[in-house]
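Q: One structure coming up, written as structure tokens, with questions to follow.
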Amino acid sequence: DFAIGFTATISKNTTHMLFLELESNEGEVGVNHMRFLSNKDVSDISGMNLEWVRQKAYCGPLFGQLSDDLKENIDAFLAERNIDTGLTLFMQDYIEHKEQSEYLNWLRKFKSFVEA
């Protein structure tokens with residue numbers, strides 16, 4: 001097992017979306033930051049400008065400082081959206097598969113280069 005940093009964006013038919021910075025470790029999902037972004041602010045931008053909008057938004061208190069009830073409710077909210085152990089295990093498997101594919105491709109390119 002290895003830690004994986006990832007993001008999730010959850011939107012509803014409202015004027016805001018929830019942008020989460022998450023980390024999985026040993027199959028558990030941990031919340032690093034939760035930001036609310038205005039749909040209006042992010043609808044027309046991308047790339048570095050979008051990253052700047054994300055970074056300037058208030059990220060809330062440290063997750064560990066929240067009450068146990070609130071942390072449990074956030075975990076349940078994420079689990080209802082399948083942001084859970086199953087997702088993190090899939091990501092680990094996919095990352096390992098992708099790494100092996102990239103490595104084999106690299107070896108083929110190296111061999112071809114040496115033989116040319």
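Identifiers in the structure tokens: chain A, B, ... in order shown; residue index from 1 per chain; ligand index from 1 in order shown.
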Could you write out, as number ranges by chain, all the residues of chain A that DSSP marks as alpha helix (DSSP H)?
A: A: 39-42, 47-56, 68-80, 85-115
Q: Mind dumping the selected residues with C-alpha atoms as a PDB file, in the first residue's frame?
A:
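Saved to selection10.pdb:
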ATOM      1  CA  ASN A  39     -19.947  27.766 -10.077  1.00  0.00           C
ATOM      2  CA  LYS A  40     -19.752  31.247 -11.604  1.00  0.00           C
ATOM      3  CA  ASP A  41     -16.062  31.566 -10.645  1.00  0.00           C
ATOM      4  CA  VAL A  42     -14.997  28.277 -12.226  1.00  0.00           C
ATOM      5  CA  GLY A  47      -5.575  25.453 -15.922  1.00  0.00           C
ATOM      6  CA  MET A  48      -3.534  27.698 -13.681  1.00  0.00           C
ATOM      7  CA  ASN A  49      -6.318  30.260 -13.344  1.00  0.00           C
ATOM      8  CA  LEU A  50      -8.623  27.573 -11.955  1.00  0.00           C
ATOM      9  CA  GLU A  51      -5.881  26.439  -9.572  1.00  0.00           C
ATOM     10  CA  TRP A  52      -5.512  30.023  -8.371  1.00  0.00           C
ATOM     11  CA  VAL A  53      -9.272  30.266  -7.720  1.00  0.00           C
ATOM     12  CA  ARG A  54      -9.126  26.977  -5.794  1.00  0.00           C
ATOM     13  CA  GLN A  55      -6.158  28.078  -3.721  1.00  0.00           C
ATOM     14  CA  LYS A  56      -7.625  31.421  -2.731  1.00  0.00           C
ATOM     15  CA  ASP A  68     -16.186  13.512  15.781  1.00  0.00           C
ATOM     16  CA  ASP A  69     -19.844  13.745  14.714  1.00  0.00           C
ATOM     17  CA  LEU A  70     -19.030  16.126  11.874  1.00  0.00           C
ATOM     18  CA  LYS A  71     -16.102  13.966  10.712  1.00  0.00           C
ATOM     19  CA  GLU A  72     -18.346  10.890  10.693  1.00  0.00           C
ATOM     20  CA  ASN A  73     -20.993  12.777   8.689  1.00  0.00           C
ATOM     21  CA  ILE A  74     -18.393  13.924   6.160  1.00  0.00           C
ATOM     22  CA  ASP A  75     -17.091  10.354   5.848  1.00  0.00           C
ATOM     23  CA  ALA A  76     -20.666   9.101   5.313  1.00  0.00           C
ATOM     24  CA  PHE A  77     -21.278  11.853   2.722  1.00  0.00           C
ATOM     25  CA  LEU A  78     -18.193  10.717   0.802  1.00  0.00           C
ATOM     26  CA  ALA A  79     -19.082   7.020   1.126  1.00  0.00           C
ATOM     27  CA  GLU A  80     -22.551   7.706  -0.333  1.00  0.00           C
ATOM     28  CA  THR A  85     -12.040   2.059   0.368  1.00  0.00           C
ATOM     29  CA  GLY A  86     -13.218   0.430  -2.872  1.00  0.00           C
ATOM     30  CA  LEU A  87     -12.205   3.504  -4.854  1.00  0.00           C
ATOM     31  CA  THR A  88      -8.800   3.746  -3.212  1.00  0.00           C
ATOM     32  CA  LEU A  89      -8.065   0.058  -3.786  1.00  0.00           C
ATOM     33  CA  PHE A  90      -9.032   0.459  -7.448  1.00  0.00           C
ATOM     34  CA  MET A  91      -6.759   3.505  -7.747  1.00  0.00           C
ATOM     35  CA  GLN A  92      -3.829   1.606  -6.247  1.00  0.00           C
ATOM     36  CA  ASP A  93      -4.351  -1.290  -8.653  1.00  0.00           C
ATOM     37  CA  TYR A  94      -4.690   1.066 -11.606  1.00  0.00           C
ATOM     38  CA  ILE A  95      -1.581   3.048 -10.643  1.00  0.00           C
ATOM     39  CA  GLU A  96       0.469  -0.141 -10.359  1.00  0.00           C
ATOM     40  CA  HIS A  97      -0.867  -1.355 -13.732  1.00  0.00           C
ATOM     41  CA  LYS A  98      -0.161   2.002 -15.368  1.00  0.00           C
ATOM     42  CA  GLU A  99       3.359   2.099 -13.909  1.00  0.00           C
ATOM     43  CA  GLN A 100       4.128  -1.352 -15.313  1.00  0.00           C
ATOM     44  CA  SER A 101       2.731  -0.410 -18.731  1.00  0.00           C
ATOM     45  CA  GLU A 102       4.806   2.764 -18.801  1.00  0.00           C
ATOM     46  CA  TYR A 103       7.909   0.869 -17.703  1.00  0.00           C
ATOM     47  CA  LEU A 104       7.494  -1.764 -20.425  1.00  0.00           C
ATOM     48  CA  ASN A 105       6.958   0.960 -23.012  1.00  0.00           C
ATOM     49  CA  TRP A 106      10.104   2.714 -21.776  1.00  0.00           C
ATOM     50  CA  LEU A 107      12.094  -0.530 -22.066  1.00  0.00           C
ATOM     51  CA  ARG A 108      10.866  -1.032 -25.655  1.00  0.00           C
ATOM     52  CA  LYS A 109      11.860   2.507 -26.583  1.00  0.00           C
ATOM     53  CA  PHE A 110      15.260   2.079 -24.976  1.00  0.00           C
ATOM     54  CA  LYS A 111      15.853  -1.190 -26.805  1.00  0.00           C
ATOM     55  CA  SER A 112      14.816   0.362 -30.097  1.00  0.00           C
ATOM     56  CA  PHE A 113      17.096   3.329 -29.482  1.00  0.00           C
ATOM     57  CA  VAL A 114      20.101   1.143 -28.645  1.00  0.00           C
ATOM     58  CA  GLU A 115      19.545  -1.107 -31.655  1.00  0.00           C
TER      59      GLU A 115
END
Q: Would you kindly return, as a list in words, each protein, DNA or RNA residue with an atom no farther than 8 Å from any atom of Cys59 (chain A), considering only C-alpha atoms and excluding same-chain residues fewer than 6 positions away?
A: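 Everything that qualifies: His33, Met34, Arg35 and Phe36 of chain A.
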Q: List as a PyMOL selection string the protein and nucleic acid residues near Glu23 (chain A), meaning an atom at most 12 Å away when only C-alpha atoms are counted, but skip any in the same chain fewer than 4 places from it.
A: chain A and resi 2-8+27-33+83-85+87-88+91-92
Q: Work out how far apart CA of Pro61 (chain A) and CA of Phe19 (chain A) are and give it in Å to one decimal.
A: 14.4 Å
Q: Which is closer to Leu62 (chain A) than all the others in A:Asn82, A:Leu37, A:Glu26, A:Glu21, using only C-alpha atoms?
A: A:Glu21
Q: Can you pull out every residue from chain A that DSSP, working from the backbone, puts in strand (DSSP E or B), and format the result as a PyMOL selection string?
A: chain A and resi 4-11+16-25+28-38
Q: Rounded to one decimal in Å, what is the spacing between CA of Gly60 (chain A) and CA of Ser11 (chain A)?
A: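 Between CA of Gly60 (chain A) and CA of Ser11 (chain A) the gap is 17.7 Å.
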Q: What is the distance, in Å and to one decimal place, between CA of Leu18 (chain A) and CA of Leu66 (chain A)?
A: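 Between CA of Leu18 (chain A) and CA of Leu66 (chain A) the gap works out to 17.4 Å.
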